[in-house]
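Text of target_9.pdb (PDB, C-alpha atoms) as supplied:
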```pdb
ATOM      1  CA  MET R   1      -3.350   1.406   1.409
ATOM      2  CA  LEU R   2      -2.063  -0.742  -1.384
ATOM      3  CA  GLY R   3      -4.607  -1.029  -4.141
ATOM      4  CA  LEU R   4      -4.049  -1.040  -7.877
ATOM      5  CA  LEU R   5      -6.325   0.474 -10.498
ATOM      6  CA  THR R   6      -5.120  -2.366 -12.690
ATOM      7  CA  LEU R   7      -2.356  -4.962 -12.587
ATOM      8  CA  ASN R   8      -2.288  -4.861 -16.397
ATOM      9  CA  PHE R   9       0.566  -2.384 -16.590
ATOM     10  CA  ARG R  10       0.413  -2.098 -20.374
ATOM     11  CA  LYS R  11      -3.131  -0.852 -19.970
ATOM     12  CA  LEU R  12      -2.081   1.529 -17.195
ATOM     13  CA  TRP R  13       0.793   2.969 -19.233
ATOM     14  CA  ALA R  14      -1.628   3.473 -22.132
ATOM     15  CA  TRP R  15      -4.001   5.348 -19.820
ATOM     16  CA  GLN R  16      -1.146   7.558 -18.653
ATOM     17  CA  SER R  17       0.333   8.267 -22.089
ATOM     18  CA  GLN R  18      -2.968   8.480 -23.982
ATOM     19  CA  PRO R  19      -5.652   9.697 -21.540
ATOM     20  CA  SER R  20      -8.456   9.159 -24.057
ATOM     21  CA  ARG R  21      -7.924   5.399 -23.699
ATOM     22  CA  PHE R  22      -9.302   5.586 -20.162
ATOM     23  CA  HIS R  23     -13.022   5.167 -20.792
ATOM     24  CA  VAL R  24     -16.209   5.903 -18.890
ATOM     25  CA  ALA R  25     -16.638   2.161 -18.257
ATOM     26  CA  ASP R  26     -13.165   2.013 -16.668
ATOM     27  CA  LEU R  27     -14.104   4.837 -14.309
ATOM     28  CA  GLN R  28     -17.417   3.242 -13.429
ATOM     29  CA  ARG R  29     -15.731  -0.039 -12.492
ATOM     30  CA  LEU R  30     -13.489   1.825 -10.057
ATOM     31  CA  LYS R  31     -16.441   3.679  -8.538
ATOM     32  CA  ASP R  32     -18.510   0.495  -8.255
ATOM     33  CA  SER R  33     -15.701  -1.119  -6.220
ATOM     34  CA  GLY R  34     -16.555   1.082  -3.238
ATOM     35  CA  ILE R  35     -12.931   2.212  -2.935
ATOM     36  CA  THR R  36     -12.467   5.963  -2.574
ATOM     37  CA  ILE R  37      -8.668   6.137  -2.269
ATOM     38  CA  PHE R  38      -6.144   4.012  -4.183
ATOM     39  CA  HIS R  39      -2.464   3.792  -3.253
ATOM     40  CA  PRO R  40      -1.164   2.129  -6.449
ATOM     41  CA  ALA R  41       2.528   1.846  -5.559
ATOM     42  CA  VAL R  42       4.861  -0.509  -7.416
ATOM     43  CA  GLY R  43       8.471  -1.456  -6.687
ATOM     44  CA  TYR R  44      11.270  -0.887  -9.169
ATOM     45  CA  THR R  45      14.286  -3.063  -8.340
ATOM     46  CA  GLU R  46      16.338  -3.342 -11.553
ATOM     47  CA  GLY R  47      17.948  -1.032 -14.074
ATOM     48  CA  ASP R  48      17.773   2.723 -13.525
ATOM     49  CA  ILE R  49      15.463   2.752 -10.504
ATOM     50  CA  TYR R  50      15.632   6.539 -10.203
ATOM     51  CA  ALA R  51      14.477   7.030 -13.804
ATOM     52  CA  SER R  52      11.763   4.366 -13.508
ATOM     53  CA  SER R  53      10.384   5.856 -10.296
ATOM     54  CA  LEU R  54      10.450   9.351 -11.779
ATOM     55  CA  ARG R  55       8.624   8.163 -14.890
ATOM     56  CA  ASP R  56       6.020   6.374 -12.761
ATOM     57  CA  ILE R  57       5.236   9.447 -10.658
ATOM     58  CA  GLU R  58       5.179  11.736 -13.686
ATOM     59  CA  GLY R  59       2.796   9.272 -15.332
ATOM     60  CA  TRP R  60       0.400   9.485 -12.396
ATOM     61  CA  ASN R  61       0.564  13.263 -12.416
ATOM     62  CA  GLU R  62      -0.239  13.338 -16.126
ATOM     63  CA  PHE R  63      -3.099  10.859 -15.692
ATOM     64  CA  ILE R  64      -4.673  12.836 -12.833
ATOM     65  CA  ALA R  65      -4.228  16.136 -14.693
ATOM     66  CA  ALA R  66      -5.972  14.656 -17.740
ATOM     67  CA  HIS R  67      -9.023  13.633 -15.654
ATOM     68  CA  PRO R  68      -9.530  16.478 -13.151
ATOM     69  CA  ALA R  69     -13.257  15.842 -12.806
ATOM     70  CA  ASP R  70     -12.725  12.225 -11.768
ATOM     71  CA  PHE R  71      -9.408  12.007  -9.879
ATOM     72  CA  LEU R  72      -7.663  13.938  -7.125
ATOM     73  CA  ARG R  73      -4.020  13.623  -6.091
ATOM     74  CA  VAL R  74      -3.848  13.141  -2.332
ATOM     75  CA  ASP R  75      -1.228  15.533  -0.968
ATOM     76  CA  GLN R  76      -2.495  16.379   2.527
ATOM     77  CA  PRO R  77      -4.865  14.986   5.179
ATOM     78  CA  GLU R  78      -7.853  17.036   4.027
ATOM     79  CA  ASP R  79      -7.671  15.479   0.554
ATOM     80  CA  LEU R  80      -8.750  12.082   1.906
ATOM     81  CA  GLN R  81     -12.179  13.416   2.835
ATOM     82  CA  ARG R  82     -12.274  15.969   0.006
ATOM     83  CA  ALA R  83     -12.013  13.259  -2.632
ATOM     84  CA  LYS R  84     -15.019  11.468  -1.187
ATOM     85  CA  ARG R  85     -17.001  14.671  -0.706
ATOM     86  CA  LEU R  86     -16.408  15.703  -4.339
ATOM     87  CA  GLY R  87     -17.203  12.237  -5.682
ATOM     88  CA  LYS R  88     -13.665  11.814  -7.009
ATOM     89  CA  ILE R  89     -11.210   8.947  -6.682
ATOM     90  CA  GLY R  90      -8.116   9.863  -4.697
ATOM     91  CA  ILE R  91      -4.696   8.723  -5.890
ATOM     92  CA  LEU R  92      -2.050   8.513  -3.181
ATOM     93  CA  ILE R  93       1.345   8.430  -4.900
ATOM     94  CA  GLY R  94       3.949   6.110  -3.442
ATOM     95  CA  GLN R  95       6.785   3.729  -4.279
ATOM     96  CA  GLN R  96       7.513   0.221  -3.030
ATOM     97  CA  ASN R  97      11.260   0.820  -3.006
ATOM     98  CA  SER R  98      13.343   3.798  -1.873
ATOM     99  CA  SER R  99      16.427   3.100  -3.991
ATOM    100  CA  HIS R 100      15.428   6.148  -6.063
ATOM    101  CA  PHE R 101      16.585   8.225  -3.098
ATOM    102  CA  ARG R 102      20.186   8.455  -4.307
ATOM    103  CA  SER R 103      20.776  11.099  -1.664
ATOM    104  CA  VAL R 104      18.783  12.708   1.127
ATOM    105  CA  ALA R 105      18.028  15.605  -1.241
ATOM    106  CA  ASP R 106      16.083  13.218  -3.483
ATOM    107  CA  VAL R 107      13.483  12.793  -0.732
ATOM    108  CA  ASP R 108      12.724  16.502  -1.164
ATOM    109  CA  CYS R 109      12.686  16.162  -4.949
ATOM    110  CA  PHE R 110      10.143  13.354  -5.005
ATOM    111  CA  TYR R 111       8.046  14.956  -2.284
ATOM    112  CA  SER R 112       7.769  18.041  -4.501
ATOM    113  CA  LEU R 113       6.466  15.807  -7.304
ATOM    114  CA  GLY R 114       3.695  14.453  -5.088
ATOM    115  CA  GLN R 115       5.136  11.309  -3.506
ATOM    116  CA  ARG R 116       3.689  10.909  -0.024
ATOM    117  CA  VAL R 117       4.573   7.272   0.852
ATOM    118  CA  SER R 118       7.800   5.327   0.327
ATOM    119  CA  GLN R 119       8.576   1.744   1.252
ATOM    120  CA  LEU R 120      12.144   1.736   2.535
ATOM    121  CA  THR R 121      13.230  -1.537   0.929
ATOM    122  CA  TYR R 122      11.846  -4.042  -1.551
ATOM    123  CA  ASP R 123      14.966  -6.132  -1.427
ATOM    124  CA  ARG R 124      18.348  -5.234   0.045
ATOM    125  CA  ASN R 125      19.448  -1.670  -0.714
ATOM    126  CA  ARG R 126      21.550   1.121   0.852
ATOM    127  CA  ILE R 127      18.823   1.742   3.435
ATOM    128  CA  GLY R 128      18.408  -1.771   4.841
ATOM    129  CA  GLY R 129      17.371  -5.353   4.247
ATOM    130  CA  GLY R 130      14.431  -6.841   2.397
ATOM    131  CA  SER R 131      12.257  -9.708   3.600
ATOM    132  CA  SER R 132      13.657 -12.099   0.986
ATOM    133  CA  ASP R 133      17.305 -11.413   1.865
ATOM    134  CA  SER R 134      19.347 -13.982   3.764
ATOM    135  CA  ARG R 135      21.293 -11.143   5.397
ATOM    136  CA  ASP R 136      19.720  -8.342   7.398
ATOM    137  CA  ASP R 137      22.064  -5.842   8.999
ATOM    138  CA  GLY R 138      19.201  -3.571   9.942
ATOM    139  CA  LEU R 139      18.700   0.082   9.080
ATOM    140  CA  SER R 140      21.966   1.589   7.823
ATOM    141  CA  PRO R 141      23.313   4.997   8.904
ATOM    142  CA  TYR R 142      22.169   6.280   5.499
ATOM    143  CA  GLY R 143      18.769   4.709   6.162
ATOM    144  CA  VAL R 144      18.521   6.634   9.422
ATOM    145  CA  GLN R 145      19.142   9.865   7.486
ATOM    146  CA  ILE R 146      16.398   8.959   5.010
ATOM    147  CA  VAL R 147      13.961   8.207   7.838
ATOM    148  CA  GLU R 148      14.793  11.529   9.495
ATOM    149  CA  ARG R 149      14.215  13.499   6.301
ATOM    150  CA  MET R 150      10.953  11.666   5.543
ATOM    151  CA  ASN R 151       9.801  12.543   9.073
ATOM    152  CA  GLN R 152      10.731  16.197   8.601
ATOM    153  CA  LEU R 153       8.916  16.532   5.273
ATOM    154  CA  GLY R 154       5.930  14.416   6.216
ATOM    155  CA  MET R 155       6.426  11.481   3.854
ATOM    156  CA  ALA R 156       5.007   8.217   5.219
ATOM    157  CA  ILE R 157       7.489   5.407   5.921
ATOM    158  CA  ASP R 158       6.310   2.013   4.670
ATOM    159  CA  ILE R 159       8.088  -1.122   5.962
ATOM    160  CA  SER R 160       5.962  -3.822   4.317
ATOM    161  CA  HIS R 161       8.846  -5.587   2.566
ATOM    162  CA  CYS R 162      11.548  -4.805   5.125
ATOM    163  CA  ALA R 163      13.422  -7.634   6.832
ATOM    164  CA  ASP R 164      12.812  -8.167  10.540
ATOM    165  CA  ARG R 165      15.726  -6.194  11.992
ATOM    166  CA  THR R 166      15.279  -3.382   9.473
ATOM    167  CA  THR R 167      11.571  -3.313  10.364
ATOM    168  CA  LEU R 168      12.255  -2.867  14.076
ATOM    169  CA  ASP R 169      15.067  -0.380  13.493
ATOM    170  CA  ALA R 170      12.848   1.785  11.271
ATOM    171  CA  ILE R 171      10.057   1.825  13.852
ATOM    172  CA  GLU R 172      12.581   2.824  16.517
ATOM    173  CA  ALA R 173      14.227   5.517  14.370
ATOM    174  CA  SER R 174      11.020   7.201  13.251
ATOM    175  CA  LYS R 175       9.514  10.008  15.299
ATOM    176  CA  ARG R 176       6.201   9.618  13.477
ATOM    177  CA  PRO R 177       3.924   6.597  12.964
ATOM    178  CA  VAL R 178       5.269   3.960  10.566
ATOM    179  CA  LEU R 179       3.027   2.009   8.190
ATOM    180  CA  VAL R 180       2.845  -1.547   6.958
ATOM    181  CA  THR R 181       0.681  -0.872   3.923
ATOM    182  CA  HIS R 182       0.400  -4.492   2.792
ATOM    183  CA  SER R 183       1.385  -7.504   4.871
ATOM    184  CA  ASN R 184      -0.125 -10.148   7.115
ATOM    185  CA  CYS R 185       0.599 -11.865  10.435
ATOM    186  CA  ARG R 186       3.465 -14.343  10.756
ATOM    187  CA  ALA R 187       1.692 -15.944  13.704
ATOM    188  CA  LEU R 188      -0.813 -17.268  11.128
ATOM    189  CA  VAL R 189       1.427 -17.687   8.056
ATOM    190  CA  ALA R 190       5.139 -18.388   8.553
ATOM    191  CA  SER R 191       6.396 -16.242   5.671
ATOM    192  CA  PRO R 192       9.199 -13.681   6.004
ATOM    193  CA  ARG R 193       6.897 -11.244   4.186
ATOM    194  CA  CYS R 194       4.463 -11.407   7.099
ATOM    195  CA  LYS R 195       5.125  -9.381  10.239
ATOM    196  CA  THR R 196       5.929 -10.776  13.677
ATOM    197  CA  ASP R 197       3.787 -10.004  16.690
ATOM    198  CA  GLU R 198       6.700  -8.016  18.112
ATOM    199  CA  ALA R 199       6.857  -5.806  15.025
ATOM    200  CA  ILE R 200       3.092  -5.289  14.954
ATOM    201  CA  CYS R 201       2.969  -4.312  18.620
ATOM    202  CA  ARG R 202       5.946  -1.964  18.392
ATOM    203  CA  LEU R 203       4.460  -0.329  15.317
ATOM    204  CA  ALA R 204       1.111   0.070  17.087
ATOM    205  CA  ALA R 205       2.788   1.647  20.122
ATOM    206  CA  LYS R 206       3.957   4.462  17.831
ATOM    207  CA  GLY R 207       0.562   4.902  16.198
ATOM    208  CA  GLY R 208       1.185   2.831  13.071
ATOM    209  CA  VAL R 209      -1.263   0.697  11.085
ATOM    210  CA  VAL R 210      -0.995  -2.700   9.352
ATOM    211  CA  GLY R 211      -2.825  -3.149   6.035
ATOM    212  CA  ILE R 212      -3.925  -6.770   5.558
ATOM    213  CA  THR R 213      -3.434  -8.258   2.092
ATOM    214  CA  MET R 214      -5.635 -10.575   0.053
ATOM    215  CA  ILE R 215      -2.733 -12.453  -1.537
ATOM    216  CA  ARG R 216      -3.392 -16.156  -1.121
ATOM    217  CA  TYR R 217       0.008 -17.344   0.164
ATOM    218  CA  PHE R 218       0.128 -14.560   2.778
ATOM    219  CA  VAL R 219      -3.425 -15.292   3.900
ATOM    220  CA  ARG R 220      -3.085 -19.049   4.460
ATOM    221  CA  ALA R 221      -0.075 -21.340   4.222
ATOM    222  CA  SER R 222      -1.904 -24.187   2.465
ATOM    223  CA  GLY R 223      -5.343 -25.505   1.648
ATOM    224  CA  PRO R 224      -8.408 -23.407   0.827
ATOM    225  CA  ALA R 225      -7.922 -19.660   1.398
ATOM    226  CA  THR R 226     -10.990 -17.455   1.642
ATOM    227  CA  MET R 227     -12.145 -14.101   2.974
ATOM    228  CA  GLU R 228     -12.600 -15.812   6.335
ATOM    229  CA  ASP R 229      -8.825 -16.272   6.500
ATOM    230  CA  VAL R 230      -8.320 -12.579   5.705
ATOM    231  CA  LEU R 231     -10.635 -11.811   8.623
ATOM    232  CA  ASN R 232      -8.503 -14.050  10.857
ATOM    233  CA  HIS R 233      -5.508 -11.794  10.219
ATOM    234  CA  ILE R 234      -7.572  -8.712  11.059
ATOM    235  CA  ASP R 235      -8.765 -10.395  14.248
ATOM    236  CA  HIS R 236      -5.185 -11.235  15.192
ATOM    237  CA  VAL R 237      -3.948  -7.651  14.845
ATOM    238  CA  VAL R 238      -6.939  -6.418  16.844
ATOM    239  CA  ASN R 239      -6.265  -8.974  19.581
ATOM    240  CA  ILE R 240      -2.567  -8.179  20.025
ATOM    241  CA  ALA R 241      -2.419  -4.465  19.125
ATOM    242  CA  GLY R 242      -5.920  -2.985  19.206
ATOM    243  CA  ILE R 243      -8.634  -2.010  16.744
ATOM    244  CA  GLU R 244      -6.875   1.301  15.948
ATOM    245  CA  HIS R 245      -3.952  -0.393  14.200
ATOM    246  CA  VAL R 246      -5.387  -2.508  11.387
ATOM    247  CA  GLY R 247      -6.610  -1.622   7.919
ATOM    248  CA  VAL R 248      -6.821  -2.841   4.330
ATOM    249  CA  GLY R 249      -3.850  -3.233   1.978
ATOM    250  CA  SER R 250      -5.289  -5.751  -0.463
ATOM    251  CA  ASP R 251      -2.344  -5.662  -2.943
ATOM    252  CA  VAL R 252      -4.718  -6.532  -5.791
ATOM    253  CA  ASP R 253      -6.792  -4.766  -8.420
ATOM    254  CA  LEU R 254     -10.418  -5.430  -9.377
ATOM    255  CA  ASP R 255      -9.646  -8.624 -11.304
ATOM    256  CA  GLY R 256      -7.114 -10.515  -9.206
ATOM    257  CA  ARG R 257      -3.780 -11.861 -10.385
ATOM    258  CA  ASP R 258      -4.378 -15.388 -11.655
ATOM    259  CA  ALA R 259      -6.223 -14.483 -14.856
ATOM    260  CA  LEU R 260      -3.509 -12.024 -15.873
ATOM    261  CA  TYR R 261      -0.316 -13.781 -14.798
ATOM    262  CA  HIS R 262      -1.186 -17.378 -15.782
ATOM    263  CA  SER R 263       1.169 -18.554 -13.039
ATOM    264  CA  THR R 264       1.429 -22.121 -11.808
ATOM    265  CA  ARG R 265       1.343 -20.671  -8.293
ATOM    266  CA  ARG R 266      -2.108 -19.516  -7.295
ATOM    267  CA  ASN R 267      -2.326 -15.953  -6.054
ATOM    268  CA  ASP R 268      -6.057 -15.389  -5.639
ATOM    269  CA  LEU R 269      -8.410 -16.376  -2.850
ATOM    270  CA  ASP R 270     -11.089 -19.003  -3.320
ATOM    271  CA  GLY R 271     -14.616 -17.858  -4.055
ATOM    272  CA  ILE R 272     -13.842 -14.154  -4.331
ATOM    273  CA  ASP R 273     -14.967 -11.498  -6.797
ATOM    274  CA  TYR R 274     -12.185  -8.920  -6.495
ATOM    275  CA  GLN R 275     -14.465  -6.264  -7.927
ATOM    276  CA  LYS R 276     -16.631  -6.649  -4.794
ATOM    277  CA  LYS R 277     -13.908  -7.473  -2.260
ATOM    278  CA  ILE R 278     -14.531  -4.465  -0.015
ATOM    279  CA  PHE R 279     -18.236  -5.295   0.235
ATOM    280  CA  ASP R 280     -17.436  -8.939   1.017
ATOM    281  CA  LEU R 281     -14.876  -7.873   3.630
ATOM    282  CA  THR R 282     -17.411  -5.537   5.237
ATOM    283  CA  GLU R 283     -20.053  -8.257   5.403
ATOM    284  CA  GLY R 284     -17.479 -10.557   7.014
ATOM    285  CA  LEU R 285     -16.635  -7.944   9.643
ATOM    286  CA  MET R 286     -20.349  -7.609  10.390
ATOM    287  CA  ARG R 287     -20.644 -11.391  10.794
ATOM    288  CA  ARG R 288     -17.830 -11.233  13.331
ATOM    289  CA  ASN R 289     -19.745  -8.597  15.287
ATOM    290  CA  TYR R 290     -17.477  -5.643  14.666
ATOM    291  CA  SER R 291     -19.347  -2.425  15.384
ATOM    292  CA  ARG R 292     -20.081   0.138  12.684
ATOM    293  CA  ALA R 293     -17.518   2.499  14.221
ATOM    294  CA  ASN R 294     -14.820  -0.194  14.245
ATOM    295  CA  ILE R 295     -15.596  -1.235  10.663
ATOM    296  CA  GLU R 296     -15.130   2.398   9.642
ATOM    297  CA  LEU R 297     -11.716   2.367  11.333
ATOM    298  CA  ILE R 298     -10.665  -0.793   9.474
ATOM    299  CA  LEU R 299     -11.957   0.443   6.095
ATOM    300  CA  GLY R 300      -9.882   3.613   6.207
ATOM    301  CA  GLY R 301     -10.264   5.519   9.453
ATOM    302  CA  ASN R 302      -7.096   4.111  10.993
ATOM    303  CA  PHE R 303      -4.917   4.901   7.991
ATOM    304  CA  GLN R 304      -6.554   8.326   7.704
ATOM    305  CA  ARG R 305      -5.635   9.100  11.324
ATOM    306  CA  ALA R 306      -2.064   7.847  10.920
ATOM    307  CA  LEU R 307      -1.504   9.743   7.679
ATOM    308  CA  GLY R 308      -2.841  12.878   9.338
ATOM    309  CA  GLU R 309      -0.203  12.526  12.063
ATOM    310  CA  ILE R 310       2.567  11.765   9.573
ATOM    311  CA  TRP R 311       1.701  14.590   7.178
ATOM    312  CA  ALA R 312       0.984  17.195   9.856
TER     313      ALA R 312
END
```
For the structure just supplied, provide its representation as structure tokens.
Amino acid sequence: MLGLLTLNFRKLWAWQSQPSRFHVADLQRLKDSGITIFHPAVGYTEGDIYASSLRDIEGWNEFIAAHPADFLRVDQPEDLQRAKRLGKIGILIGQQNSSHFRSVADVDCFYSLGQRVSQLTYDRNRIGGGSSDSRDDGLSPYGVQIVERMNQLGMAIDISHCADRTTLDAIEASKRPVLVTHSNCRALVASPRCKTDEAICRLAAKGGVVGITMIRYFVRASGPATMEDVLNHIDHVVNIAGIEHVGVGSDVDLDGRDALYHSTRRNDLDGIDYQKKIFDLTEGLMRRNYSRANIELILGGNFQRALGEIWA
């Protein structure tokens, strides 16, 4: 529920503007990953956020329209299974910031363009606080209006980057399940970007789902970080909230981040081939004696159920 076709955004923009630059080998890599649905949301936080978000969604629409035999825009619950049945890759359009909602009417505008998920905050905005902000006043009156309109239309509310009070306020304000598309458990990693047990349990009580990331510093605070640590976060959500409320929100593409970003801070897990991450995750779940039915819930069934309730 957060997965990127590529973190090389120059390549992505080239695919969107010049569809012929997306090659058969690029498609095959995506298919070989075992991932049927990608939610490739990004967060615009500077400049003209409305224009950037609009351009991003229009770019996805143009990309999907240029490759109708290979991709399907996910607009409704049936599309999740239809993409798989037709052998296509589903693209679920979302944004990691809702600052492009300049007014409540903009929720309708972007819904009409195909947006089906919106993270309320990336950092502090008119709606509420972000996880990196020193101040968190919670969901604003305007934020409550946005939540209400998203509920009415059937646009999924994502609170992955929301600060703690804003997180709890959004769960309380929403009449439909709320999603954490990509975060981990603060009980295991003491980062403000990870969710507290209270938030996870309140979200679960309303039918929501937490997507566990594969970003190193959200998986383990220090030392070696492997797929086993990712599995620990899944186990923790299952233990405190139930098997029905955990899923995958890897927040990576098929190559990882370190090779592209050349950062001094490591982002990737140890000993992982991101191209095969879903297979490795599945094998790990089998080692931990999860049943086939429960593995199916983790690999998509839980998010599919929640999205069905949200989009109904």
My list of candidates is R:Asp164, R:Asp75, R:Asp253, R:Asp280. Which is closest to Tyr111 (chain R) when distances are computed with all atoms listed in the file? R:Asp75
Enter the distance from CA of Thr166 (chain R) to CA of Ala199 (chain R), in Å, rounded to one decimal. 10.4 Å
Name the closest residue to Lys206 (chain R) among the candidates R:Glu309, R:Ser160, R:Gly129, R:Leu188; distances are taken between atoms, counting only C-alpha atoms. R:Glu309
Give me the residues of region 154-248 of chain R that have any atom at most 12 Å from an atom of region 38-54 of chain R; for each, the nearest atom pair and the distance in Å, rounded to one decimal. Use all atoms listed in the file, sort by chain and number, and format it as JSON lines.
```
{"residue": "R:Asp158", "atom": "CA", "partner": "R:Ala41", "partner_atom": "CA", "distance": 10.9}
{"residue": "R:Ser160", "atom": "CA", "partner": "R:Gly43", "partner_atom": "CA", "distance": 11.5}
{"residue": "R:His161", "atom": "CA", "partner": "R:Gly43", "partner_atom": "CA", "distance": 10.1}
{"residue": "R:Thr181", "atom": "CA", "partner": "R:His39", "partner_atom": "CA", "distance": 9.1}
{"residue": "R:His182", "atom": "CA", "partner": "R:His39", "partner_atom": "CA", "distance": 10.6}
{"residue": "R:Gly211", "atom": "CA", "partner": "R:His39", "partner_atom": "CA", "distance": 11.6}
{"residue": "R:Val248", "atom": "CA", "partner": "R:Phe38", "partner_atom": "CA", "distance": 10.9}
```
CA of Leu12 (chain R) and CA of Gln81 (chain R), how far apart in Å?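 CA of Leu12 (chain R) lies at a distance of 25.4 Å from CA of Gln81 (chain R).
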Considering only C-alpha atoms, return as an MDAnalysis selection string whatever protein or nucleic-acid residues lie within 12 Å of Asp255 (chain R), sequence-local ones (same chain, fewer than 4 positions apart) excluded. chainID R and resid 3:8 29:30 33 251 259:261 267:269 272:277
For the residues selected in the previous step, produce a file with C-alpha atoms as a PDB file, in the frame of the given file.
```pdb
ATOM      1  CA  GLY R   3      -4.607  -1.029  -4.141  1.00  0.00           C
ATOM      2  CA  LEU R   4      -4.049  -1.040  -7.877  1.00  0.00           C
ATOM      3  CA  LEU R   5      -6.325   0.474 -10.498  1.00  0.00           C
ATOM      4  CA  THR R   6      -5.120  -2.366 -12.690  1.00  0.00           C
ATOM      5  CA  LEU R   7      -2.356  -4.962 -12.587  1.00  0.00           C
ATOM      6  CA  ASN R   8      -2.288  -4.861 -16.397  1.00  0.00           C
ATOM      7  CA  ARG R  29     -15.731  -0.039 -12.492  1.00  0.00           C
ATOM      8  CA  LEU R  30     -13.489   1.825 -10.057  1.00  0.00           C
ATOM      9  CA  SER R  33     -15.701  -1.119  -6.220  1.00  0.00           C
ATOM     10  CA  ASP R 251      -2.344  -5.662  -2.943  1.00  0.00           C
ATOM     11  CA  ALA R 259      -6.223 -14.483 -14.856  1.00  0.00           C
ATOM     12  CA  LEU R 260      -3.509 -12.024 -15.873  1.00  0.00           C
ATOM     13  CA  TYR R 261      -0.316 -13.781 -14.798  1.00  0.00           C
ATOM     14  CA  ASN R 267      -2.326 -15.953  -6.054  1.00  0.00           C
ATOM     15  CA  ASP R 268      -6.057 -15.389  -5.639  1.00  0.00           C
ATOM     16  CA  LEU R 269      -8.410 -16.376  -2.850  1.00  0.00           C
ATOM     17  CA  ILE R 272     -13.842 -14.154  -4.331  1.00  0.00           C
ATOM     18  CA  ASP R 273     -14.967 -11.498  -6.797  1.00  0.00           C
ATOM     19  CA  TYR R 274     -12.185  -8.920  -6.495  1.00  0.00           C
ATOM     20  CA  GLN R 275     -14.465  -6.264  -7.927  1.00  0.00           C
ATOM     21  CA  LYS R 276     -16.631  -6.649  -4.794  1.00  0.00           C
ATOM     22  CA  LYS R 277     -13.908  -7.473  -2.260  1.00  0.00           C
TER      23      LYS R 277
END
```
Can you give me, as a VMD selection string, the residues this file yields under the PyMOL selection byres ((chain R and resi 116) around 9)? chain R and resid 74 to 76 92 to 95 110 to 111 114 to 115 117 to 118 154 to 157 311
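Polymer residues near (-9.5, 10.7, -1.2): counting all atoms listed in the file with a cut-off of 10 Å, they are Ile35, Thr36, Ile37, Phe38, Phe71, Leu72, Arg73, Val74, Asp75, Gln76, Pro77, Glu78, Asp79, Leu80, Gln81, Arg82, Ala83, Lys84, Arg85, Leu86, Gly87, Lys88, Ile89, Gly90, Ile91, Leu92 and Gln304 of chain R.
Compared by their closest atoms to Ser174 (chain R), and using only C-alpha atoms, the residues R:Ile310, R:Gly256, R:Ala293, R:Trp15 rank with R:Ile310 nearest.
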Considering all atoms listed in the file, state which residue in the set R:Ile127, R:Cys201, R:Val189, R:Ala170 is at the smallest distance from His233 (chain R).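 Looking only at the distances to His233 (chain R), the closest residue turns out to be R:Val189.
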Residue members of the PyMOL selection byres ((chain R and resi 19) around 10) in the file shown, as a ChimeraX atom specification: /R:12-18,20-23,62-67
Determine, counting all atoms listed in the file, which protein, DNA and RNA residues have an atom within 9 Å of an atom of Leu139 (chain R); residues of the same chain fewer than 2 positions away are not included. Present the result as a VMD selection string. chain R and resid 126 to 129 136 to 137 141 to 144 165 to 170 173
Written file, previous selection with C-alpha atoms, as a PDB file, in the coordinates of the input:
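Produced file selection-v8.pdb, reproduced below:
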```pdb
ATOM      1  CA  ARG R 126      21.550   1.121   0.852  1.00  0.00           C
ATOM      2  CA  ILE R 127      18.823   1.742   3.435  1.00  0.00           C
ATOM      3  CA  GLY R 128      18.408  -1.771   4.841  1.00  0.00           C
ATOM      4  CA  GLY R 129      17.371  -5.353   4.247  1.00  0.00           C
ATOM      5  CA  ASP R 136      19.720  -8.342   7.398  1.00  0.00           C
ATOM      6  CA  ASP R 137      22.064  -5.842   8.999  1.00  0.00           C
ATOM      7  CA  PRO R 141      23.313   4.997   8.904  1.00  0.00           C
ATOM      8  CA  TYR R 142      22.169   6.280   5.499  1.00  0.00           C
ATOM      9  CA  GLY R 143      18.769   4.709   6.162  1.00  0.00           C
ATOM     10  CA  VAL R 144      18.521   6.634   9.422  1.00  0.00           C
ATOM     11  CA  ARG R 165      15.726  -6.194  11.992  1.00  0.00           C
ATOM     12  CA  THR R 166      15.279  -3.382   9.473  1.00  0.00           C
ATOM     13  CA  THR R 167      11.571  -3.313  10.364  1.00  0.00           C
ATOM     14  CA  LEU R 168      12.255  -2.867  14.076  1.00  0.00           C
ATOM     15  CA  ASP R 169      15.067  -0.380  13.493  1.00  0.00           C
ATOM     16  CA  ALA R 170      12.848   1.785  11.271  1.00  0.00           C
ATOM     17  CA  ALA R 173      14.227   5.517  14.370  1.00  0.00           C
TER      18      ALA R 173
END
```
When the PyMOL selection byres ((chain R and resi 221-232) around 10) is applied to the file above, which residues end up in the set, as a VMD selection string? chain R and resid 184 to 185 188 to 191 212 to 220 233 to 238 248 250 268 to 272 277 280 to 282 284 to 285 288
Which value, in Å to one decimal, gives the distance between CA of Asn302 (chain R) and CA of Asp106 (chain R)? 28.8 Å
Compile the contact shell of Ile243 (chain R) as a ChimeraX atom specification: residues with an atom at most 8 Å away, counting all atoms listed in the file, same-chain residues fewer than 3 positions apart removed. /R:237-239,246,294,297-298
